[in-house]
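One file, model_21.cif, carrying mmCIF, C-alpha atoms and all ligand atoms:
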data_entry
#
loop_
_atom_site.label_atom_id
_atom_site.label_comp_id
_atom_site.auth_asym_id
_atom_site.auth_seq_id
_atom_site.Cartn_x
_atom_site.Cartn_y
_atom_site.Cartn_z
CA MET T 1 254.75 193.31 -71.03
CA SER T 2 252.42 194.68 -68.34
CA GLU T 3 249.15 192.88 -67.75
CA PRO T 4 246.10 193.89 -65.73
CA SER T 5 245.88 192.33 -62.27
CA LEU T 6 243.22 189.68 -61.81
CA VAL T 7 243.35 189.93 -58.08
CA ALA T 8 241.36 192.11 -55.66
CA PRO T 9 243.17 193.68 -52.70
CA ARG T 10 244.09 191.08 -50.11
CA ARG T 11 241.68 190.66 -47.21
CA ALA T 12 243.08 192.23 -44.04
CA THR T 13 244.00 189.59 -41.46
CA ARG T 14 246.02 189.11 -38.34
CA THR T 15 249.44 187.62 -38.79
CA ILE T 16 250.53 184.42 -37.15
CA HIS T 17 253.74 182.42 -37.31
CA VAL T 18 254.58 178.87 -38.25
CA GLY T 19 258.21 178.88 -37.17
CA ARG T 20 259.92 181.55 -39.26
CA VAL T 21 257.09 181.66 -41.82
CA VAL T 22 254.64 184.51 -41.36
CA VAL T 23 251.07 183.69 -42.41
CA GLY T 24 248.50 186.40 -43.07
CA GLY T 25 248.69 190.17 -43.35
CA THR T 26 250.87 191.10 -46.29
CA ALA T 27 253.14 188.06 -45.98
CA PRO T 28 253.59 186.03 -49.17
CA ILE T 29 250.90 183.39 -49.59
CA SER T 30 252.69 180.28 -48.40
CA VAL T 31 252.57 176.88 -50.05
CA GLN T 32 252.19 173.76 -47.92
CA SER T 33 252.19 170.06 -48.53
CA MET T 34 252.02 166.96 -46.40
CA THR T 35 254.18 163.87 -46.11
CA ASN T 36 252.65 160.47 -46.85
CA THR T 37 255.36 158.19 -45.47
CA PRO T 38 254.94 156.46 -42.08
CA THR T 39 255.99 159.31 -39.79
CA ALA T 40 257.91 157.09 -37.39
CA ASP T 41 260.11 156.02 -40.33
CA ILE T 42 262.39 158.97 -39.77
CA GLY T 43 264.63 158.21 -42.76
CA ALA T 44 261.80 158.06 -45.30
CA THR T 45 259.86 160.98 -43.81
CA GLY T 46 262.99 163.13 -43.54
CA ARG T 47 263.81 162.44 -47.20
CA GLN T 48 260.31 163.42 -48.25
CA ILE T 49 260.43 166.62 -46.20
CA ASP T 50 263.72 167.42 -47.93
CA LEU T 51 262.19 166.82 -51.38
CA LEU T 52 259.25 169.07 -50.51
CA ASP T 53 261.63 171.76 -49.30
CA ARG T 54 263.62 171.53 -52.55
CA ALA T 55 260.39 171.86 -54.52
CA GLY T 56 259.79 175.14 -52.65
CA ALA T 57 257.31 174.17 -49.91
CA ASP T 58 257.24 176.86 -47.23
CA ILE T 59 255.65 174.61 -44.59
CA VAL T 60 255.29 170.83 -44.37
CA ARG T 61 252.59 169.02 -42.41
CA VAL T 62 253.25 165.61 -40.91
CA SER T 63 250.53 163.41 -39.46
CA CYS T 64 250.92 162.08 -35.94
CA PRO T 65 248.47 159.20 -35.61
CA ASP T 66 250.26 157.61 -32.64
CA MET T 67 252.89 158.21 -29.98
CA ASP T 68 255.76 156.79 -32.09
CA ALA T 69 254.94 159.37 -34.76
CA ALA T 70 254.71 162.22 -32.25
CA GLN T 71 258.05 161.20 -30.74
CA ALA T 72 259.66 161.12 -34.19
CA MET T 73 258.86 164.80 -34.69
CA GLY T 74 261.87 165.99 -32.69
CA THR T 75 264.41 164.47 -35.06
CA LEU T 76 262.38 165.50 -38.08
CA VAL T 77 262.15 169.11 -36.86
CA ARG T 78 265.89 169.26 -36.13
CA ASN T 79 266.77 168.00 -39.61
CA ALA T 80 264.19 169.97 -41.59
CA ARG T 81 264.89 173.31 -43.23
CA VAL T 82 261.16 174.09 -43.32
CA PRO T 83 258.82 174.46 -40.34
CA LEU T 84 256.76 171.37 -39.55
CA ILE T 85 253.14 171.16 -38.49
CA ALA T 86 251.94 168.13 -36.55
CA ASP T 87 248.54 166.93 -37.72
CA ILE T 88 246.63 165.56 -34.74
CA HIS T 89 243.15 164.15 -34.42
CA PHE T 90 241.39 163.69 -31.09
CA ASP T 91 244.28 162.66 -28.81
CA TYR T 92 245.56 165.62 -26.82
CA ARG T 93 248.53 163.61 -25.52
CA LEU T 94 249.87 163.37 -29.08
CA ALA T 95 249.58 167.14 -29.39
CA LEU T 96 251.47 167.65 -26.13
CA GLU T 97 254.19 165.26 -27.22
CA ALA T 98 254.54 166.87 -30.66
CA LEU T 99 254.81 170.29 -28.99
CA ASN T 100 257.37 168.88 -26.61
CA GLN T 101 259.32 167.63 -29.63
CA GLY T 102 259.51 171.15 -31.05
CA VAL T 103 256.97 171.27 -33.89
CA GLN T 104 256.31 174.79 -35.17
CA GLY T 105 252.60 174.33 -35.81
CA LEU T 106 249.65 172.17 -34.80
CA ARG T 107 246.64 171.20 -36.81
CA ILE T 108 244.04 170.18 -34.27
CA ASN T 109 240.40 170.94 -33.67
CA PRO T 110 239.97 171.93 -30.03
CA GLY T 111 236.33 170.83 -29.99
CA ASN T 112 237.39 167.27 -30.77
CA ILE T 113 239.90 166.65 -28.00
CA GLY T 114 237.59 166.26 -25.05
CA SER T 115 237.45 168.01 -21.68
CA LYS T 116 238.22 171.66 -21.18
CA TYR T 117 241.24 170.72 -19.09
CA ARG T 118 242.79 168.88 -22.05
CA VAL T 119 242.22 171.81 -24.36
CA GLN T 120 243.72 174.16 -21.79
CA GLU T 121 246.83 172.00 -21.50
CA VAL T 122 247.39 171.92 -25.26
CA VAL T 123 246.73 175.64 -25.66
CA GLN T 124 249.06 176.53 -22.80
CA ALA T 125 251.83 174.34 -24.24
CA ALA T 126 251.36 175.92 -27.68
CA ARG T 127 251.39 179.40 -26.17
CA ASP T 128 254.54 178.68 -24.16
CA ARG T 129 256.33 177.61 -27.33
CA GLY T 130 254.97 180.29 -29.66
CA VAL T 131 253.22 177.65 -31.76
CA SER T 132 250.17 178.48 -33.87
CA ILE T 133 247.16 176.22 -34.35
CA ARG T 134 245.22 175.50 -37.51
CA ILE T 135 241.58 174.66 -37.07
CA GLY T 136 240.82 172.31 -39.95
CA VAL T 137 237.13 171.88 -40.73
CA ASN T 138 236.33 169.15 -43.22
CA ALA T 139 232.85 168.76 -44.75
CA GLY T 140 233.20 164.99 -44.39
CA SER T 141 233.61 165.06 -40.63
CA LEU T 142 231.26 167.72 -39.31
CA GLU T 143 229.88 167.47 -35.79
CA LYS T 144 226.69 165.39 -35.42
CA GLU T 145 224.73 168.37 -34.03
CA LEU T 146 225.52 170.43 -37.12
CA LEU T 147 224.53 167.63 -39.46
CA ALA T 148 221.28 167.27 -37.52
CA ARG T 149 220.65 171.02 -37.73
CA TYR T 150 221.47 171.45 -41.42
CA GLY T 151 220.56 167.97 -42.65
CA GLU T 152 223.81 167.62 -44.60
CA PRO T 153 227.18 169.33 -44.92
CA THR T 154 226.63 172.92 -46.07
CA PRO T 155 228.87 175.98 -46.23
CA GLN T 156 227.07 177.46 -43.22
CA ALA T 157 227.48 174.22 -41.26
CA MET T 158 231.22 174.29 -42.01
CA VAL T 159 231.45 177.90 -40.88
CA ASP T 160 229.48 177.14 -37.70
CA SER T 161 231.88 174.31 -36.97
CA ALA T 162 234.87 176.62 -37.43
CA LEU T 163 233.31 179.33 -35.26
CA GLY T 164 232.73 176.76 -32.50
CA HIS T 165 236.40 175.76 -32.49
CA ILE T 166 237.50 179.38 -32.70
CA ARG T 167 235.35 180.27 -29.67
CA ILE T 168 237.03 177.59 -27.59
CA LEU T 169 240.47 179.03 -28.36
CA GLU T 170 239.37 182.64 -27.92
CA GLU T 171 237.92 181.82 -24.50
CA LEU T 172 241.44 180.78 -23.57
CA ASP T 173 242.69 184.05 -25.05
CA PHE T 174 244.56 182.18 -27.80
CA ARG T 175 244.53 183.90 -31.20
CA GLU T 176 247.49 182.39 -33.03
CA ILE T 177 244.97 180.69 -35.28
CA LYS T 178 244.47 179.97 -38.93
CA ILE T 179 241.47 178.17 -40.33
CA SER T 180 240.65 175.87 -43.21
CA LEU T 181 237.21 174.84 -44.48
CA LYS T 182 237.75 172.01 -46.91
CA ALA T 183 235.24 170.07 -48.96
CA SER T 184 235.68 167.96 -52.08
CA SER T 185 233.10 170.15 -53.81
CA VAL T 186 234.61 173.30 -55.28
CA GLY T 187 231.34 175.23 -54.87
CA MET T 188 230.87 174.30 -51.22
CA THR T 189 234.49 175.10 -50.39
CA VAL T 190 234.41 178.51 -52.07
CA ALA T 191 231.08 179.43 -50.46
CA ALA T 192 232.31 178.40 -47.00
CA TYR T 193 235.50 180.45 -47.22
CA ARG T 194 233.59 183.49 -48.50
CA LEU T 195 231.20 183.27 -45.54
CA LEU T 196 233.92 182.88 -42.94
CA ALA T 197 236.09 185.61 -44.48
CA GLU T 198 233.36 188.11 -43.61
CA GLN T 199 233.23 187.05 -39.98
CA VAL T 200 236.77 186.67 -38.67
CA ASP T 201 240.13 188.28 -39.25
CA TYR T 202 242.21 185.15 -38.85
CA PRO T 203 244.38 184.01 -41.76
CA LEU T 204 242.79 181.35 -43.93
CA HIS T 205 244.45 178.17 -45.16
CA LEU T 206 242.90 177.26 -48.51
CA GLY T 207 242.38 173.81 -49.95
CA ILE T 208 239.97 171.55 -51.78
CA THR T 209 240.09 168.21 -50.05
CA GLU T 210 240.04 164.80 -51.72
CA ALA T 211 240.39 166.61 -55.04
CA GLY T 212 241.56 163.51 -56.91
CA GLY T 213 244.62 162.64 -58.95
CA LEU T 214 247.10 165.04 -60.49
CA LEU T 215 245.04 166.34 -63.40
CA PRO T 216 241.52 166.55 -61.89
CA GLY T 217 242.95 167.67 -58.56
CA ALA T 218 245.01 170.41 -60.15
CA VAL T 219 242.02 171.64 -62.14
CA LYS T 220 239.62 171.64 -59.17
CA SER T 221 242.18 173.32 -56.95
CA SER T 222 243.04 175.91 -59.58
CA ILE T 223 239.40 176.87 -59.95
CA GLY T 224 238.50 176.82 -56.26
CA LEU T 225 241.66 178.39 -54.91
CA GLY T 226 241.93 180.68 -57.92
CA LEU T 227 238.45 182.12 -57.34
CA LEU T 228 239.17 182.79 -53.69
CA LEU T 229 242.65 184.17 -54.22
CA ALA T 230 241.34 186.47 -56.93
CA GLU T 231 238.93 187.86 -54.34
CA GLY T 232 241.82 188.51 -51.98
CA ILE T 233 240.92 185.55 -49.74
CA GLY T 234 243.63 183.13 -48.65
CA ASP T 235 246.93 183.37 -46.82
CA THR T 236 248.39 179.91 -47.18
CA LEU T 237 247.34 176.91 -49.25
CA ARG T 238 247.69 173.23 -49.83
CA VAL T 239 246.72 171.58 -53.09
CA SER T 240 245.55 168.09 -52.07
CA LEU T 241 246.34 165.50 -54.72
CA THR T 242 246.30 161.75 -54.86
CA ALA T 243 249.81 161.97 -56.21
CA ASP T 244 253.40 162.60 -55.17
CA PRO T 245 253.28 165.44 -52.60
CA VAL T 246 255.96 167.26 -54.59
CA GLU T 247 253.31 167.74 -57.29
CA GLU T 248 251.13 169.51 -54.71
CA VAL T 249 253.85 172.08 -54.22
CA ARG T 250 254.33 172.51 -57.96
CA VAL T 251 250.62 173.02 -58.59
CA GLY T 252 250.36 175.42 -55.63
CA PHE T 253 253.08 177.61 -57.06
CA GLU T 254 251.62 177.45 -60.56
CA ILE T 255 248.31 178.78 -59.19
CA LEU T 256 250.07 181.62 -57.40
CA LYS T 257 252.28 182.34 -60.41
CA ALA T 258 249.31 182.45 -62.79
CA LEU T 259 247.64 185.02 -60.55
CA ARG T 260 250.93 186.91 -60.18
CA LEU T 261 250.70 186.49 -56.44
CA ARG T 262 254.14 184.91 -56.11
CA THR T 263 257.11 184.31 -58.25
CA HIS T 264 258.92 181.06 -57.80
CA GLY T 265 261.22 179.06 -59.98
CA VAL T 266 261.41 178.93 -63.73
CA ASN T 267 258.34 180.06 -65.61
CA ILE T 268 258.40 178.10 -68.87
CA ILE T 269 256.38 179.59 -71.69
CA SER T 270 256.01 176.92 -74.35
CA CYS T 271 253.86 176.55 -77.42
CA PRO T 272 251.20 173.83 -77.72
CA THR T 273 253.14 172.31 -80.68
CA CYS T 274 251.97 171.57 -84.20
CA SER T 275 253.43 170.17 -87.40
CA ARG T 276 255.59 173.26 -87.82
CA GLN T 277 257.70 172.47 -84.76
CA GLU T 278 261.38 172.21 -85.60
CA PHE T 279 262.22 170.11 -82.53
CA ASN T 280 260.26 167.92 -80.12
CA VAL T 281 258.91 170.69 -77.88
CA ILE T 282 256.98 168.36 -75.57
CA ASP T 283 260.05 166.24 -74.83
CA VAL T 284 262.35 169.24 -74.35
CA VAL T 285 259.91 170.99 -71.99
CA ALA T 286 259.37 167.81 -69.94
CA ARG T 287 263.14 167.41 -69.52
CA LEU T 288 263.59 171.07 -68.69
CA GLU T 289 260.86 170.95 -66.04
CA GLN T 290 262.64 168.06 -64.41
CA GLN T 291 266.14 169.47 -64.62
CA LEU T 292 265.17 172.98 -63.54
CA ALA T 293 262.95 172.00 -60.61
CA HIS T 294 265.69 173.01 -58.13
CA ILE T 295 265.76 176.66 -59.30
CA ARG T 296 263.92 179.01 -56.91
CA GLU T 297 264.64 182.29 -58.66
CA PRO T 298 261.87 183.52 -60.99
CA VAL T 299 263.48 183.03 -64.39
CA ALA T 300 261.30 183.41 -67.50
CA LEU T 301 262.15 180.92 -70.26
CA SER T 302 260.34 180.60 -73.59
CA VAL T 303 260.57 177.38 -75.57
CA ILE T 304 258.79 177.77 -78.88
CA GLY T 305 258.73 175.32 -81.76
CA CYS T 306 259.14 177.66 -84.72
CA VAL T 307 259.52 181.24 -85.88
CA VAL T 308 255.75 181.89 -86.04
CA ASN T 309 255.57 182.86 -82.35
CA GLY T 310 259.10 182.25 -81.17
CA PRO T 311 260.77 185.64 -81.61
CA GLY T 312 257.79 187.47 -80.09
CA GLU T 313 257.80 185.32 -76.96
CA ALA T 314 261.60 185.39 -76.73
CA LYS T 315 261.47 189.18 -76.53
CA GLU T 316 259.50 188.92 -73.28
CA THR T 317 261.69 186.38 -71.48
CA ALA T 318 265.18 186.27 -70.00
CA ILE T 319 266.04 183.25 -72.12
CA GLY T 320 264.33 182.14 -75.31
CA LEU T 321 264.61 179.20 -77.64
CA VAL T 322 263.08 179.36 -81.11
CA GLY T 323 263.01 176.35 -83.41
CA GLY T 324 264.92 177.00 -86.63
CA GLY T 325 265.50 174.97 -89.80
CA GLN T 326 268.03 172.18 -90.37
CA GLY T 327 268.35 171.29 -86.70
CA SER T 328 269.83 174.63 -85.78
CA HIS T 329 267.79 176.61 -83.27
CA LEU T 330 267.97 180.20 -82.14
CA LEU T 331 268.94 181.18 -78.62
CA TYR T 332 267.81 184.52 -77.19
CA ARG T 333 269.08 186.33 -74.09
CA ASP T 334 267.14 189.31 -72.76
CA GLY T 335 265.04 189.42 -75.90
CA ARG T 336 267.93 189.46 -78.40
CA PRO T 337 269.25 186.62 -80.57
CA CYS T 338 272.63 185.53 -79.29
CA GLY T 339 273.56 182.36 -81.15
CA LYS T 340 272.50 178.99 -82.42
CA ILE T 341 272.12 175.67 -80.65
CA ASN T 342 272.21 172.20 -82.18
CA ALA T 343 269.34 169.85 -81.51
CA SER T 344 271.58 167.48 -79.54
CA GLU T 345 272.54 170.10 -76.94
CA LEU T 346 269.21 171.92 -76.52
CA VAL T 347 268.38 170.85 -72.99
CA ASP T 348 271.91 171.00 -71.56
CA ARG T 349 272.48 174.46 -72.97
CA LEU T 350 269.18 175.86 -71.72
CA VAL T 351 269.77 174.41 -68.25
CA THR T 352 273.20 176.10 -68.17
CA GLU T 353 271.73 179.40 -69.34
CA VAL T 354 268.96 179.32 -66.73
CA GLU T 355 271.41 178.40 -63.96
CA GLN T 356 273.57 181.39 -64.93
CA VAL T 357 270.64 183.79 -64.84
CA ALA T 358 269.46 182.33 -61.51
CA ALA T 359 272.96 182.66 -60.01
CA THR T 360 273.10 186.32 -61.05
CA MET T 361 269.67 186.96 -59.53
CA ARG T 362 270.73 185.23 -56.32
CA HIS T 363 273.90 187.28 -56.16
CA ASP T 364 272.02 190.54 -56.78
CA GLN T 365 269.51 189.65 -54.08
CA GLN T 366 272.30 188.89 -51.59
CA GLU T 367 273.94 192.25 -52.40
CA LEU T 368 270.61 193.96 -51.85
CA THR T 369 269.88 192.33 -48.51
CA GLY T 370 273.52 192.17 -47.39
CA SER T 371 273.13 188.46 -46.62
FE1 LIG I 401 253.23 175.35 -84.15
FE2 LIG I 401 255.15 177.17 -84.27
FE3 LIG I 401 252.82 177.73 -83.04
FE4 LIG I 401 254.53 176.05 -81.92
S1 LIG I 401 254.89 178.23 -82.36
S2 LIG I 401 252.36 175.75 -82.14
S3 LIG I 401 255.39 175.03 -83.68
S4 LIG I 401 253.13 177.34 -85.20
#

Take the structure in the file and give it back as structure tokens.
Amino acid sequence: MSEPSLVAPRRATRTIHVGRVVVGGTAPISVQSMTNTPTADIGATGRQIDLLDRAGADIVRVSCPDMDAAQAMGTLVRNARVPLIADIHFDYRLALEALNQGVQGLRINPGNIGSKYRVQEVVQAARDRGVSIRIGVNAGSLEKELLARYGEPTPQAMVDSALGHIRILEELDFREIKISLKASSVGMTVAAYRLLAEQVDYPLHLGITEAGGLLPGAVKSSIGLGLLLAEGIGDTLRVSLTADPVEEVRVGFEILKALRLRTHGVNIISCPTCSRQEFNVIDVVARLEQQLAHIREPVALSVIGCVVNGPGEAKETAIGLVGGGQGSHLLYRDGRPCGKINASELVDRLVTEVEQVAATMRHDQQELTGS
């Protein structure tokens, strides 16, 4: 089934690199998250990075609030399969140490680290290592002068802050930059990104900050990031949630999938359920989401409670399940009925079917790329 695109042509930007991940230009919009374990606890932080990688995160950010954390980055980088960004505030020595430890990206605001000499040192070290820098403007921590000029955080104040940091890096001829302009207000965030998008050609990192728990945060992020992405603005994103960081990755991909900007993992199409359902759709879908979280290939799976909508949806998906009578449900492959499944084996059978389809896709992709 073809559907009209919701999305305007992507804004033209420079490309930068975070390790092997290209950000900007026509590169896929990357999904980021951030660890919340004590960074110096290498075991716990490494495990969380691994979980985020398995969930599909393209880039993981790790905060470095002190020297122990910055020194832990070397081991974390060596063990991680995804590039790591060190998140630094104020202390240029932590940035130098994190760079020395091999991080692939820095999040630091050059205007906040003091003398020009310090900025020069950090920029030179980043340049020497091919490391990009994200300027991260946050409405909650704008410079005093800007607050005095505008009276309160405004989109223009956020943009002015970003332009100030950008100027510092450009004066040092450093352009491996991406920028974020985060506020907890969806309206302020969207307005700020729109303004900045007209003024610079650097890639933009999207996010609504302090968005709340899983449900409110996912809704706010979907609206804010969705509006911007639909206008072609945004090259990488983080959904900030007061929740397990793995959920941030899941929500990020769901936003991109809904806009057809990226395919990732199993796309489960399921009905909202009603008294006609022939099996417990909510329970089955929850178990499938959990057991199929490791699949990266874009497999479409429909799970529909009865024959009212089931066959129609099953025609559009690689694998379909339609609730039938007497505990015997219909399995579809490539839009055609191909057998029955008992209630007791629903989840196991669907997981096996999806894994088979994913393995075939993986194999075909490897043939195509010769890898
Ligand atoms: Fe109800 Fe069937 Fe519609 Fe699901 S597909 S909501 S079970 S009528």

The distance between CA of Leu96 (chain T) and CA of Gln124 (chain T) is 9.8 Å

Test item: residues at most 10 Å from Lys116 (chain T), all atoms listed in the file, excluding those fewer than 5 positions along its chain, as a ChimeraX atom specification: /T:110-111,121,168,172

Could I get the residue neighbourhood of ligand LIG 401 (chain I) at 7 Å, counting all atoms listed in the file, as a PyMOL selection string? chain T and resi 271-278+304-310

Leaving out Ala95 (chain T) and any residue of its chain fewer than 3 positions from it, which residues lie within 9 Å of it when counting only C-alpha atoms, given as a PyMOL selection string? chain T and resi 64+70+86-89+91-92+98-100+106-108+122

I'd like the neighbourhood of region 315-332 of chain T as a short mmCIF file (atom, residue, chain, number, x, y, z; two decimals) with C-alpha atoms, in the coordinates of the input, where a residue qualifies if any of its atoms comes within 6 Å (using all atoms listed in the file), though same-chain residues fewer than 3 positions away should be ignored.
data_model
loop_
_atom_site.label_atom_id
_atom_site.label_comp_id
_atom_site.auth_asym_id
_atom_site.auth_seq_id
_atom_site.Cartn_x
_atom_site.Cartn_y
_atom_site.Cartn_z
CA GLU T 278 261.38 172.21 -85.60
CA ALA T 300 261.30 183.41 -67.50
CA LEU T 301 262.15 180.92 -70.26
CA SER T 302 260.34 180.60 -73.59
CA VAL T 303 260.57 177.38 -75.57
CA ILE T 304 258.79 177.77 -78.88
CA GLY T 305 258.73 175.32 -81.76
CA CYS T 306 259.14 177.66 -84.72
CA GLY T 310 259.10 182.25 -81.17
CA GLY T 312 257.79 187.47 -80.09
CA GLY T 335 265.04 189.42 -75.90
CA ARG T 336 267.93 189.46 -78.40
CA PRO T 337 269.25 186.62 -80.57
CA CYS T 338 272.63 185.53 -79.29
CA GLY T 339 273.56 182.36 -81.15
CA LYS T 340 272.50 178.99 -82.42
CA ILE T 341 272.12 175.67 -80.65
CA ASN T 342 272.21 172.20 -82.18
CA ALA T 343 269.34 169.85 -81.51
#

Taking 6 positions as the minimum chain separation for residues in the same chain, which residues sit within 9 Å of Ala12 (chain T) when counting only C-alpha atoms? Answer as a PDB file with C-alpha atoms, keeping the file's coordinate frame.
ATOM      1  CA  GLY T  24     248.500 186.400 -43.070  1.00  0.00           C
ATOM      2  CA  GLY T  25     248.690 190.170 -43.350  1.00  0.00           C
ATOM      3  CA  THR T  26     250.870 191.100 -46.290  1.00  0.00           C
ATOM      4  CA  ASP T 201     240.130 188.280 -39.250  1.00  0.00           C
ATOM      5  CA  TYR T 202     242.210 185.150 -38.850  1.00  0.00           C
ATOM      6  CA  PRO T 203     244.380 184.010 -41.760  1.00  0.00           C
ATOM      7  CA  GLY T 232     241.820 188.510 -51.980  1.00  0.00           C
TER       8      GLY T 232
END

Could you jot down the CA of Leu206 (chain T) to CA of Ile233 (chain T) separation for me, Å, one decimal place?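 Atom-to-atom, CA of Leu206 (chain T) and CA of Ile233 (chain T) are spaced 8.6 Å apart.
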
Would you work out the distance separating CA of Ser185 (chain T) from CA of Ser221 (chain T), expressed in Å to one decimal?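 Straight-line distance from CA of Ser185 (chain T) to CA of Ser221 (chain T) works out to 10.1 Å.
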
Between T:Leu94, T:Met67, T:Val103, T:Leu204, which one has atoms that come closest to Arg20 (chain T), using only C-alpha atoms?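 So, comparing all the options, the nearest one is T:Val103.
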
With all atoms listed in the file as the counted atoms, please give the residues lying no more than 12 Å from Thr39 (chain T), apart from itself and same-chain residues fewer than 3 positions off, as a CSV table (one decimal) with C-alpha atoms, in the coordinates of the input.
chain,number,residue,atom,x,y,z
T,34,MET,CA,252.0,167.0,-46.4
T,35,THR,CA,254.2,163.9,-46.1
T,36,ASN,CA,252.6,160.5,-46.8
T,42,ILE,CA,262.4,159.0,-39.8
T,43,GLY,CA,264.6,158.2,-42.8
T,44,ALA,CA,261.8,158.1,-45.3
T,45,THR,CA,259.9,161.0,-43.8
T,46,GLY,CA,263.0,163.1,-43.5
T,47,ARG,CA,263.8,162.4,-47.2
T,48,GLN,CA,260.3,163.4,-48.2
T,49,ILE,CA,260.4,166.6,-46.2
T,61,ARG,CA,252.6,169.0,-42.4
T,62,VAL,CA,253.2,165.6,-40.9
T,63,SER,CA,250.5,163.4,-39.5
T,64,CYS,CA,250.9,162.1,-35.9
T,65,PRO,CA,248.5,159.2,-35.6
T,66,ASP,CA,250.3,157.6,-32.6
T,67,MET,CA,252.9,158.2,-30.0
T,68,ASP,CA,255.8,156.8,-32.1
T,69,ALA,CA,254.9,159.4,-34.8
T,70,ALA,CA,254.7,162.2,-32.2
T,71,GLN,CA,258.0,161.2,-30.7
T,72,ALA,CA,259.7,161.1,-34.2
T,73,MET,CA,258.9,164.8,-34.7
T,74,GLY,CA,261.9,166.0,-32.7
T,75,THR,CA,264.4,164.5,-35.1
T,76,LEU,CA,262.4,165.5,-38.1
T,77,VAL,CA,262.2,169.1,-36.9
T,86,ALA,CA,251.9,168.1,-36.6
T,87,ASP,CA,248.5,166.9,-37.7
T,98,ALA,CA,254.5,166.9,-30.7

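Using all atoms listed in the file, the smallest distance between any of T:Ala125, T:Arg167, T:Ala183, T:Phe174 and Asn138 (chain T) comes from T:Ala183.
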
Here is a test: counting all atoms listed in the file, which residue of T:Val347, T:Asp334, T:Leu261, T:Pro245 is nearest to Ile282 (chain T)?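 The shortest atom-to-atom distance to Ile282 (chain T) comes from T:Val347.
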
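Residue nearest Arg362 (chain T) within the list T:Gly265, T:Arg333, T:Leu350, T:Pro216: T:Gly265 [criterion: smallest interatomic distance, all atoms listed in the file].
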
From the options T:Arg54, T:Arg262, T:Arg81, T:Arg194, which residue's atoms come nearest to Val249 (chain T), counting only C-alpha atoms? T:Arg54
